[in-house]
Each structure stands twice: as structure tokens, then as C-alpha cells.
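*Asks:* Okay, handing you the structure first.
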Protein chains: 2
Amino acid sequence: MSNLINQNMMEAIDWINKSDNIYLVSHVQPDGDNIGSLLALGLAIKRLKGNVSIIKVDDIPSDFMFLPNIDMIKEQDINKPIDLLISLDCSDLGRLGIGKEFALKANIVINIDHHISNDNFGHINIVSPSSAATAEIVYDFINKMGVLIDKDIATCLYTGISTDTGSFTYSNTSYKTHLIAAELLKTGIDADYININLYQNRSMIRTKLFIDSLNSLETYLDDKVGLVMITQDMLKQNNAKMEDTEGIISFIKGIDSVEVACLLKEMDQREIKVSLRSKRYIDVSRICSKFNGGGHVRAAGCTIYEEILDAKKLILNEIISNFR
Amino acid sequence: MSNLINQNMMEAIDWINKSDNIYLVSHVQPDGDNIGSLLALGLAIKRLKGNVSIIKVDDIPSDFMFLPNIDMIKEQDINKPIDLLISLDCSDLGRLGIGKEFALKANIVINIDHHISNDNFGHINIVSPSSAATAEIVYDFINKMGVLIDKDIATCLYTGISTDTGSFTYSNTSYKTHLIAAELLKTGIDADYININLYQNRSMIRTKLFIDSLNSLETYLDDKVGLVMITQDMLKQNNAKMEDTEGIISFIKGIDSVEVACLLKEMDQREIKVSLRSKRYIDVSRICSKFNGGGHVRAAGCTIYEEILDAKKLILNEIISNFR
């Protein structure tokens with residue numbers, strides 16, 4: 001934790017102490033780190049101040065409904081006064097959805113995040129790209145607040161850290177990640193229960209779509225490229241939504257020979273969302289930038305406005321040319 | 001770490017210091033904890049004494065060939081003198097395979113293990129059922145030996161701990177598991193490389209068998225029971241071996257509604273190996289004991305000597321009766 005972050009944390013805690021109407025918010029399309037961080041800090045501030053509002057900006061995936069006090073995340077009235085707004089795990093105001101309006105109205109905005117792309121939109125910015133998850137930063141923050149991390153808070157922080165590190169397997173996992181996990185387990189949380197809810201909770205619809213989609217797995221370049229297409233027809237046949245495609249791309253990447261895993265999602269007849277993952281040496285953000293997309297070296301995405309078979313040809317050509 | 005274990009560790013280290021011909025061995029059907037523990041302790045003793053022999057008692061799965069100094073595990077000559085033999089991760093002499101002969105010939109046998117079923121077959125027994133992996137015990141042991149845990153040793157220990165805890169998700173994972181993982185990461189190991197080798201390294205044969213087998217997924221009792229059969233025909237069609245069925249049962253258990261996951265493996269026409277996993281409340285060891293099998297509450301197995309469809313009926317009846 002750098003001196004600057006330390007200093008900004010103390011300033012932020014000062015504002016929490018002297019503010020009345022405190023709002024928390026995170027990005028749309030919520031994930032485990034987003035929701036875990038919101039609830040953990042929400043519970044901590046509630047304990048300190050008696051009251052806090054968490055703004056719901058999007059539907060909460062059913063995977064996270066097991067989290068304690070999940071109903072604290074709810075729609076809020078924009079017309080009430082907002083002294084202080086804390087944004088969590090969000091790199092820019094745009095990704096807050098309707099939360100942006102709350103942020104623009106707030107007297108003070110505190111921005112707590114771990115994304116390297118964060119544009120420091122807050123009055124106070126606590127941005128730590130070396131942290132594996134925003135929940136890691138929130139762990140330090142709550143400790144500095146002097147609030148005891150109890151089982152409920154620890155359950156939410158553990159969820160944030162576990163989901164953002166692929167259960168401690170991604171390269172963002174540091175020794176500090178494990179030290180924090182150790183401290184969280186010491187509080188007596190039921191990590192087995194959490195992990196069953198996070199990782200053994202695939203719906204039958206999602207399971208069937210998964211099996212269905214893998215039946216059409218294609219491979220190229222001596223199996224160095226693995227590709228799956230999800231069409232609207234497949235969704236209809238399985239009574240599924242596009243969000244039910246989770247898990248497919250990492251299964252493709254899990255094949256030993258595969259360097260680039262590719263998932264094509266037919267959002268509309270001429271709107272194909274492409275997700276790419278690479279394992280060791282191909283820069284997939286470079287490939288996606290050719291189609292005005294972006295991301296990281298090992299995980300990137302773009303949208304191609306063609307029919308799905310044409311989109312497939314275009315992205316495959318670009319992928320293959322990157323192997324040369 | 002209890003006083004008794006501490007004391008036995010000191011006695012074991014005494015024997016290592018004063019012995020010349022030291023052999024290490026672990027159980028047949030090796031796994032990550034077995035191989036990781038063997039190599040880590042092997043490297044540590046080699047550094048201390050200059051020489052050590054690791055006995056190969058079974059084929060090493062290709063998943064672990066990336067480990068440093070894996071070629072230290074090799075067939076050994078039973079006719080040479082054996083002053084000291086250290087057994088790792090093995091609950092009884094029988095599971096050592098040909099290693100049992102070496103153990104019976106050794107002057108002193110040290111038994112280091114974390115299985116609760118360990119029968120204390122050694123002259124010195126270091127058995128810690130509260131440890132998530134034998135590699136956790138070996139971590140303490142090497143520290144007590146006074147050998148520096150370098151990157152190679154840490155890579156092997158991390159592999160043992162990660163594989164035996166399902167990457168820190170199983171209920172055996174304790175705060176101590178995470179503390180040790182933190183210390184191992186501090187040595188500068190490439191955890192990303194290790195995790196890719198462990199978890200993103202599924203062969204195309206295994207991938208195709210996986211997809212094929214899931215196409216025949218059956219569910220019962222409102223999807224509370226999920227079942228897959230692997231026949232010899234399916235293996236032939238996919239050019240696969242029975243060991244390529246890994247991952248299937250945990251995928252079935254990953255379905256939200258599934259409490260009991262069942263995998264039937266046709267070893268021979270009238271020899272069906274049954275694996276059962278449960279999620280929350282069914283005791284599958286009780287089910288398997290009806291067929292002279294056994295295991296743990298959440299993971300058990302048995303063999304039914306009937307044709308596969310008859311075996312399926314028998315096990316299904318027993319499973320379903322346990323839901324009442």
C-alpha cells in the first residue's frame with residue numbers, strides 16, 4: 001500500500017465520519033468483486049454510522065443472492081440529498097449506469113478501484129492496480145476505519161477476492177491475496193458454503209447450453225485455436241440467455257494445445273460479440289483493436305457487425321495472422 | 001502443529017541427519033500432492049545430504065511432467081541397502097505398491113501423511129489430519145530441517161497444496177493453507193505457469209470424451225441426482241483411457257440442483273466402478289458401503305460386478321432410498 005493510497009484512505013475515512021447521507025455504487029453488469037465490495041463496505045459503514053444506501057444499477061446475478069444482506073442493494077431515490085458517494089470497482093463514471101447521476105449530484109465522490117484503466121474521476125481516488133480485487137483494497141480500508149471484520153463482512157470480501165482471482169489461480173493473485181484470505185478464514189466464515197454457491201451452482205439451462213455449444217467446438221491451426229459460436233437459435237432451443245454462456249470460453253482455453261480461445265455471441269443478426277482469451281504468448285487485445293475493441297493481453301473483446309459466419313471468418317483470419 | 005508432531009519431526013530429522021541411504025516413496029496412482037511432496041522433500045534432503053532416492057511405484061500422469069526435477073522419481077534397485085525410508089501421503093503400506101518391499105527392508109520407516117485413515121505403520125509417524133495436504137506438513141518439515149525453500153521446492157509444494165484443495169476451494173482449506181501459499185508465492189514462483197499446467201492442460205482426447213459423456217447425462221429426482229456412464233465403447237470411439245474421465249464427476253456436481261453426482265465406469269463387462277460425490281447432506285460413503293465400497297461422506301466409491309445397466313439400476317435405487 002503506497003503512501004499516497006494510505007493518505008487518501010485517511011482522508012476518505014474523514015469524509016465518512018463527517019458525512020450524513022452516504023451512498024455506495026458499483027458498475028453495471030455486476031460481478032462477485034463488485035457485489036462483495038459493495039456489501040462489505042456497506043456493512044462496515046452501517047456499523048459505524050447506523051445508515052448507508054447502496055444503489056442498485058443493474059440486475060444482480062442469481063449466483064450472488066446467497067450473500068448476507070444482499071437486499072441492502074436496492075433502487076434509490078435520486079431526489080434525496082447525497083453528501084458522499086463511494087464508487088467501488090469502477091474505472092469511469094460511464095460504467096456506473098444510472099449511478100452516474102447520483103455521482104454527479106454528490107458533494108464528494110470517493111473512487112476505490114483496482115483497474116489500471118481507472119481515470120481517477122473521484123475527488124478522492126484510491127486506485128491500486130496491484131491489488132487482485134477491489135475487495136482487497138476494501139479489506140485494508142475497513143481495517144483502517146477501525147470496524148471489526150465479522151463473518152458477514154468476511155464472506156463478502158472472500159467472495160470478491162475469490163471470484164476476481166479465479167479462486168486464486170489468475171496471475172493477479174499475490175502473496176498478499178493469500179494473507180488476506182487467511183485472515184478472512186480466521187473469522188470463521190464457511191468457505192465451503194461460499195465455494196459451493198460460487199462454483200457448484202450452474203443452472204440446468206446453463207449446463208445444457210454448455211454441452212450443446214461444445215458439440216460445435218471447432219479448432220484451427222493444429223488445435224492452437226478453439227472456437228465456439230452461440231446463436232440466437234441455440235439460446236431459444238435451450239431456453240437460455242446470452243449470460244448463460246459463462247464458463248464456455250475458459251473450458252476452451254483449458255484444452256492443452258489451445259493458445260487462443262474464441263467465443264462468438266450472436267447478439268443480433270448482424271451484431272456479433274467476440275470474446276478472446278490467450279494462454280501464453282498471443283496478444284488478444286491487439287487482435288480486438290483491429291475491430292475497434294480492446295481489453296488486456298490475455299483477455300479482450302470486440303463487436304463485429306456482420307452475420308455470424310462472416311464474423312467468424314474475419315476474426316479467424318486476424319487470429320491466425322497473429323500466429324505468424 | 002501439536003507437540004507430538006513437533007517431537008516426531010525432530011526425531012525424523014535426527015534420523016535424516018545420521019542416515020546414508022535415504023529413500024522416499026508415495027502411493028500408487030500418484031496425484032499432485034503425492035508427487036509435489038516427494039519432489040519437495042527430495043530436493044530438500046538432496047541439498048542437505050547430497051543424495052536421495054525417490055522410488056517410482058507407478059506411471060506419472062502427464063499433468064505433472066512440468067514439475068522441476070520430475071526425473072528424480074525413478075525405478076530403484078531393491079537390492080541396495082536402505083537405511084531410512086520416508087513414506088509420504090500414504091495411509092497404509094499396501095498402497096505403496098512395490099514401494100512396500102522397500103519399506104519392509106528399510107531399517108527405519110518415517111510415515112508423513114494427512115489422511116485420517118492412516119494406520120501409523122512407521123517407526124516414526126507424522127500424521128496430521130487437520131492439514132489440507134501432505135505438502136503442508138512437508139512445508140513445516142523442511143523449515144524445521146533448516147533448508148531454504150527455494151523456487152523449485154516452492155513450486156512442488158504449491159502444486160501439492162493447490163491440487164489437494166481444489167485450488168483452495170475444498171473444505172479442508174484452512175487459514176494456515178493460505179498462509180503457506182503466501183509464503184510460497186513470496187519465493188517468486190511462477191504461480192500462473194503452475195496453474196496453467198495444472199488446470200488449463202486438458203488433452204483433446206479428454207476434452208472429446210468429456211463432451212461425449214455429457215451428451216448422455218441423465219438426471220433423477222428433480223435433477224437432485226446426476227449420472228453419467230462411461231463404457232468401453234465410448235473409450236474406443238474417443239481413443240481414450242479410463243483415466244481420461246477426470247473432471248466429469250465434478251462437472252455433474254457443479255449443477256445447482258445436484259446433490260449426488262454419480263459416475264459409472266465400465267472397467268470390464270461385469271465390473272463397474274462407481275464414483276459418488278455429494279454436495280451438502282447425503283452420506284455417499286454409506287451408499288457405497290452397501291456394495292462393499294467406502295470413502296468419505298462427500299466422496300466415495302465401490303465396484304459392482306454386474307453389467308453396466310444393471311449396476312446403474314442397483315446404485316440408483318440405493319441413492320434414491322437415501323433421499324427419503
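Letters A, B, ... mark the chains of the C-alpha cells in the order given; residue numbers begin at 1 per chain; ligand numbers begin at 1, in order shown.
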May I ask you to extract the residues of chain B within 6 Å of chain A, using only C-alpha atoms, and to give them as a PyMOL selection string?

*Replies:* chain B and resi 169+171+175+178-179+182+185+192+195+200-203+254-256

*Asks:* Compile the contact shell of B:Asp71 as a PyMOL selection string: residues with an atom at most 10 Å away, counting only C-alpha atoms, same-chain residues fewer than 4 positions apart removed.

*Replies:* chain B and resi 39+54+56+65+67

*Asks:* Could the residues in this selection be written to a file with all heavy atoms, as a PDB file, in the first residue's frame?

*Replies:*
```
ATOM      1  N   LEU B  39       8.883 -34.609  -4.470  1.00  0.00           N
ATOM      2  CA  LEU B  39       9.942 -33.797  -5.085  1.00  0.00           C
ATOM      3  C   LEU B  39      10.438 -32.716  -4.129  1.00  0.00           C
ATOM      4  O   LEU B  39      11.643 -32.460  -4.046  1.00  0.00           O
ATOM      5  CB  LEU B  39       9.436 -33.154  -6.380  1.00  0.00           C
ATOM      6  CG  LEU B  39       9.213 -34.101  -7.558  1.00  0.00           C
ATOM      7  CD1 LEU B  39       8.588 -33.355  -8.720  1.00  0.00           C
ATOM      8  CD2 LEU B  39      10.526 -34.759  -7.990  1.00  0.00           C
ATOM      9  N   ILE B  54      14.273 -41.372  -4.901  1.00  0.00           N
ATOM     10  CA  ILE B  54      12.807 -41.368  -4.884  1.00  0.00           C
ATOM     11  C   ILE B  54      12.325 -42.559  -5.713  1.00  0.00           C
ATOM     12  O   ILE B  54      12.721 -42.716  -6.872  1.00  0.00           O
ATOM     13  CB  ILE B  54      12.229 -40.056  -5.455  1.00  0.00           C
ATOM     14  CG1 ILE B  54      12.855 -38.836  -4.741  1.00  0.00           C
ATOM     15  CG2 ILE B  54      10.715 -40.038  -5.302  1.00  0.00           C
ATOM     16  CD1 ILE B  54      12.314 -37.502  -5.193  1.00  0.00           C
ATOM     17  N   LYS B  56       9.922 -44.754  -7.867  1.00  0.00           N
ATOM     18  CA  LYS B  56       8.766 -44.681  -8.759  1.00  0.00           C
ATOM     19  C   LYS B  56       7.977 -45.976  -8.601  1.00  0.00           C
ATOM     20  O   LYS B  56       8.506 -47.061  -8.843  1.00  0.00           O
ATOM     21  CB  LYS B  56       9.249 -44.520 -10.199  1.00  0.00           C
ATOM     22  CG  LYS B  56       8.138 -44.382 -11.213  1.00  0.00           C
ATOM     23  CD  LYS B  56       8.699 -44.187 -12.615  1.00  0.00           C
ATOM     24  CE  LYS B  56       7.579 -44.225 -13.637  1.00  0.00           C
ATOM     25  NZ  LYS B  56       8.099 -44.082 -15.005  1.00  0.00           N
ATOM     26  N   MET B  65       4.395 -33.555 -15.438  1.00  0.00           N
ATOM     27  CA  MET B  65       5.732 -33.640 -16.029  1.00  0.00           C
ATOM     28  C   MET B  65       6.423 -32.280 -16.076  1.00  0.00           C
ATOM     29  O   MET B  65       7.625 -32.196 -16.296  1.00  0.00           O
ATOM     30  CB  MET B  65       5.653 -34.241 -17.438  1.00  0.00           C
ATOM     31  CG  MET B  65       5.170 -35.680 -17.477  1.00  0.00           C
ATOM     32  SD  MET B  65       6.075 -36.796 -16.358  1.00  0.00           S
ATOM     33  CE  MET B  65       7.638 -36.929 -17.243  1.00  0.00           C
ATOM     34  N   LEU B  67       6.857 -30.377 -13.551  1.00  0.00           N
ATOM     35  CA  LEU B  67       7.472 -30.065 -12.254  1.00  0.00           C
ATOM     36  C   LEU B  67       8.994 -30.174 -12.306  1.00  0.00           C
ATOM     37  O   LEU B  67       9.536 -31.059 -12.968  1.00  0.00           O
ATOM     38  CB  LEU B  67       6.914 -30.992 -11.162  1.00  0.00           C
ATOM     39  CG  LEU B  67       5.499 -30.653 -10.708  1.00  0.00           C
ATOM     40  CD1 LEU B  67       4.949 -31.727  -9.782  1.00  0.00           C
ATOM     41  CD2 LEU B  67       5.447 -29.290 -10.027  1.00  0.00           C
TER      42      LEU B  67
END
```

*Asks:* Could you jot down the atom CA of B:Gly50 to atom CA of B:Asp150 separation for me, Å, one decimal place?

*Replies:*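 Between atom CA of B:Gly50 and atom CA of B:Asp150 the gap is 16.3 Å.
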
*Asks:* Quick one: DSSP helix (DSSP H, G or I) residues in stretch 70-168 of chain B, as an NGL selection string?

*Replies:* :B and (70-72 or 93-96 or 99-105 or 134-145 or 151-164)

*Asks:* Output N, CA and C atoms of each residue in that selection to a file, as a short mmCIF file (atom, residue, chain, number, x, y, z; two decimals), in the first residue's frame.

*Replies:*
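The new file again_19.cif reads:
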```
data_model
loop_
_atom_site.label_atom_id
_atom_site.label_comp_id
_atom_site.auth_asym_id
_atom_site.auth_seq_id
_atom_site.Cartn_x
_atom_site.Cartn_y
_atom_site.Cartn_z
N ILE B 70 11.42 -33.61 -12.03
CA ILE B 70 10.49 -34.74 -12.03
C ILE B 70 11.23 -36.06 -12.30
N ASP B 71 12.38 -35.98 -13.00
CA ASP B 71 13.12 -37.22 -13.32
C ASP B 71 13.86 -37.79 -12.11
N MET B 72 13.77 -37.11 -10.97
CA MET B 72 14.30 -37.71 -9.73
C MET B 72 13.45 -38.91 -9.31
N LEU B 93 0.76 -49.37 4.24
CA LEU B 93 1.84 -49.94 3.43
C LEU B 93 1.33 -50.51 2.11
N GLY B 94 0.12 -51.09 2.13
CA GLY B 94 -0.43 -51.72 0.93
C GLY B 94 -0.51 -50.77 -0.26
N ARG B 95 -0.81 -49.48 0.01
CA ARG B 95 -0.99 -48.51 -1.09
C ARG B 95 0.35 -48.05 -1.68
N LEU B 96 1.47 -48.55 -1.11
CA LEU B 96 2.78 -48.17 -1.69
C LEU B 96 3.13 -49.00 -2.92
N GLY B 99 6.59 -50.24 -3.56
CA GLY B 99 7.27 -49.49 -2.50
C GLY B 99 7.20 -50.20 -1.15
N LYS B 100 6.20 -51.04 -0.97
CA LYS B 100 6.05 -51.78 0.28
C LYS B 100 7.29 -52.64 0.56
N GLU B 101 7.82 -53.28 -0.50
CA GLU B 101 9.02 -54.13 -0.33
C GLU B 101 10.20 -53.31 0.16
N PHE B 102 10.34 -52.10 -0.38
CA PHE B 102 11.42 -51.22 0.07
C PHE B 102 11.20 -50.85 1.55
N ALA B 103 9.94 -50.59 1.90
CA ALA B 103 9.63 -50.19 3.28
C ALA B 103 9.94 -51.32 4.25
N LEU B 104 9.58 -52.55 3.87
CA LEU B 104 9.80 -53.69 4.75
C LEU B 104 11.29 -53.97 4.95
N LYS B 105 12.11 -53.57 3.96
CA LYS B 105 13.55 -53.79 4.03
C LYS B 105 14.28 -52.68 4.80
N THR B 134 -0.50 -33.23 2.33
CA THR B 134 0.78 -33.66 2.89
C THR B 134 1.83 -32.59 2.63
N ALA B 135 1.71 -31.87 1.51
CA ALA B 135 2.67 -30.81 1.19
C ALA B 135 2.69 -29.72 2.27
N GLU B 136 1.57 -29.52 2.96
CA GLU B 136 1.55 -28.56 4.08
C GLU B 136 2.47 -29.03 5.20
N ILE B 137 2.40 -30.33 5.50
CA ILE B 137 3.25 -30.90 6.56
C ILE B 137 4.72 -30.84 6.12
N VAL B 138 4.95 -31.15 4.84
CA VAL B 138 6.32 -31.14 4.31
C VAL B 138 6.89 -29.73 4.37
N TYR B 139 6.04 -28.73 4.15
CA TYR B 139 6.48 -27.32 4.27
C TYR B 139 7.05 -27.07 5.67
N ASP B 140 6.31 -27.45 6.69
CA ASP B 140 6.80 -27.28 8.08
C ASP B 140 8.07 -28.08 8.30
N PHE B 141 8.07 -29.29 7.77
CA PHE B 141 9.19 -30.22 7.99
C PHE B 141 10.48 -29.66 7.39
N ILE B 142 10.40 -29.15 6.17
CA ILE B 142 11.60 -28.60 5.52
C ILE B 142 12.09 -27.37 6.27
N ASN B 143 11.16 -26.55 6.74
CA ASN B 143 11.57 -25.40 7.56
C ASN B 143 12.31 -25.85 8.80
N LYS B 144 11.81 -26.90 9.45
CA LYS B 144 12.48 -27.41 10.65
C LYS B 144 13.85 -28.01 10.31
N MET B 145 13.97 -28.57 9.09
CA MET B 145 15.26 -29.12 8.65
C MET B 145 16.29 -28.02 8.48
N LYS B 151 12.64 -21.61 -5.13
CA LYS B 151 11.55 -21.64 -6.11
C LYS B 151 11.16 -23.06 -6.52
N ASP B 152 12.17 -23.94 -6.71
CA ASP B 152 11.85 -25.31 -7.13
C ASP B 152 11.04 -26.04 -6.07
N ILE B 153 11.51 -25.95 -4.84
CA ILE B 153 10.78 -26.61 -3.74
C ILE B 153 9.39 -26.00 -3.59
N ALA B 154 9.32 -24.67 -3.68
CA ALA B 154 8.04 -23.98 -3.52
C ALA B 154 7.06 -24.36 -4.62
N THR B 155 7.56 -24.51 -5.84
CA THR B 155 6.70 -24.91 -6.97
C THR B 155 6.06 -26.27 -6.69
N CYS B 156 6.85 -27.20 -6.15
CA CYS B 156 6.33 -28.54 -5.85
C CYS B 156 5.33 -28.50 -4.69
N LEU B 157 5.63 -27.74 -3.66
CA LEU B 157 4.72 -27.64 -2.51
C LEU B 157 3.41 -26.97 -2.92
N TYR B 158 3.52 -25.89 -3.71
CA TYR B 158 2.31 -25.19 -4.18
C TYR B 158 1.43 -26.15 -4.97
N THR B 159 2.05 -26.97 -5.83
CA THR B 159 1.30 -27.94 -6.63
C THR B 159 0.56 -28.93 -5.74
N GLY B 160 1.25 -29.42 -4.70
CA GLY B 160 0.61 -30.36 -3.78
C GLY B 160 -0.59 -29.75 -3.08
N ILE B 161 -0.40 -28.53 -2.58
CA ILE B 161 -1.46 -27.87 -1.83
C ILE B 161 -2.63 -27.49 -2.75
N SER B 162 -2.30 -26.93 -3.90
CA SER B 162 -3.36 -26.49 -4.82
C SER B 162 -4.21 -27.67 -5.30
N THR B 163 -3.56 -28.78 -5.67
CA THR B 163 -4.32 -29.90 -6.22
C THR B 163 -5.15 -30.59 -5.14
N ASP B 164 -4.64 -30.69 -3.91
CA ASP B 164 -5.40 -31.39 -2.87
C ASP B 164 -6.51 -30.52 -2.26
#
```

*Asks:* Provide the atom CA of A:Ile86 to atom CA of A:Ile22 distance in Å, to one decimal place.

*Replies:* 7.7 Å
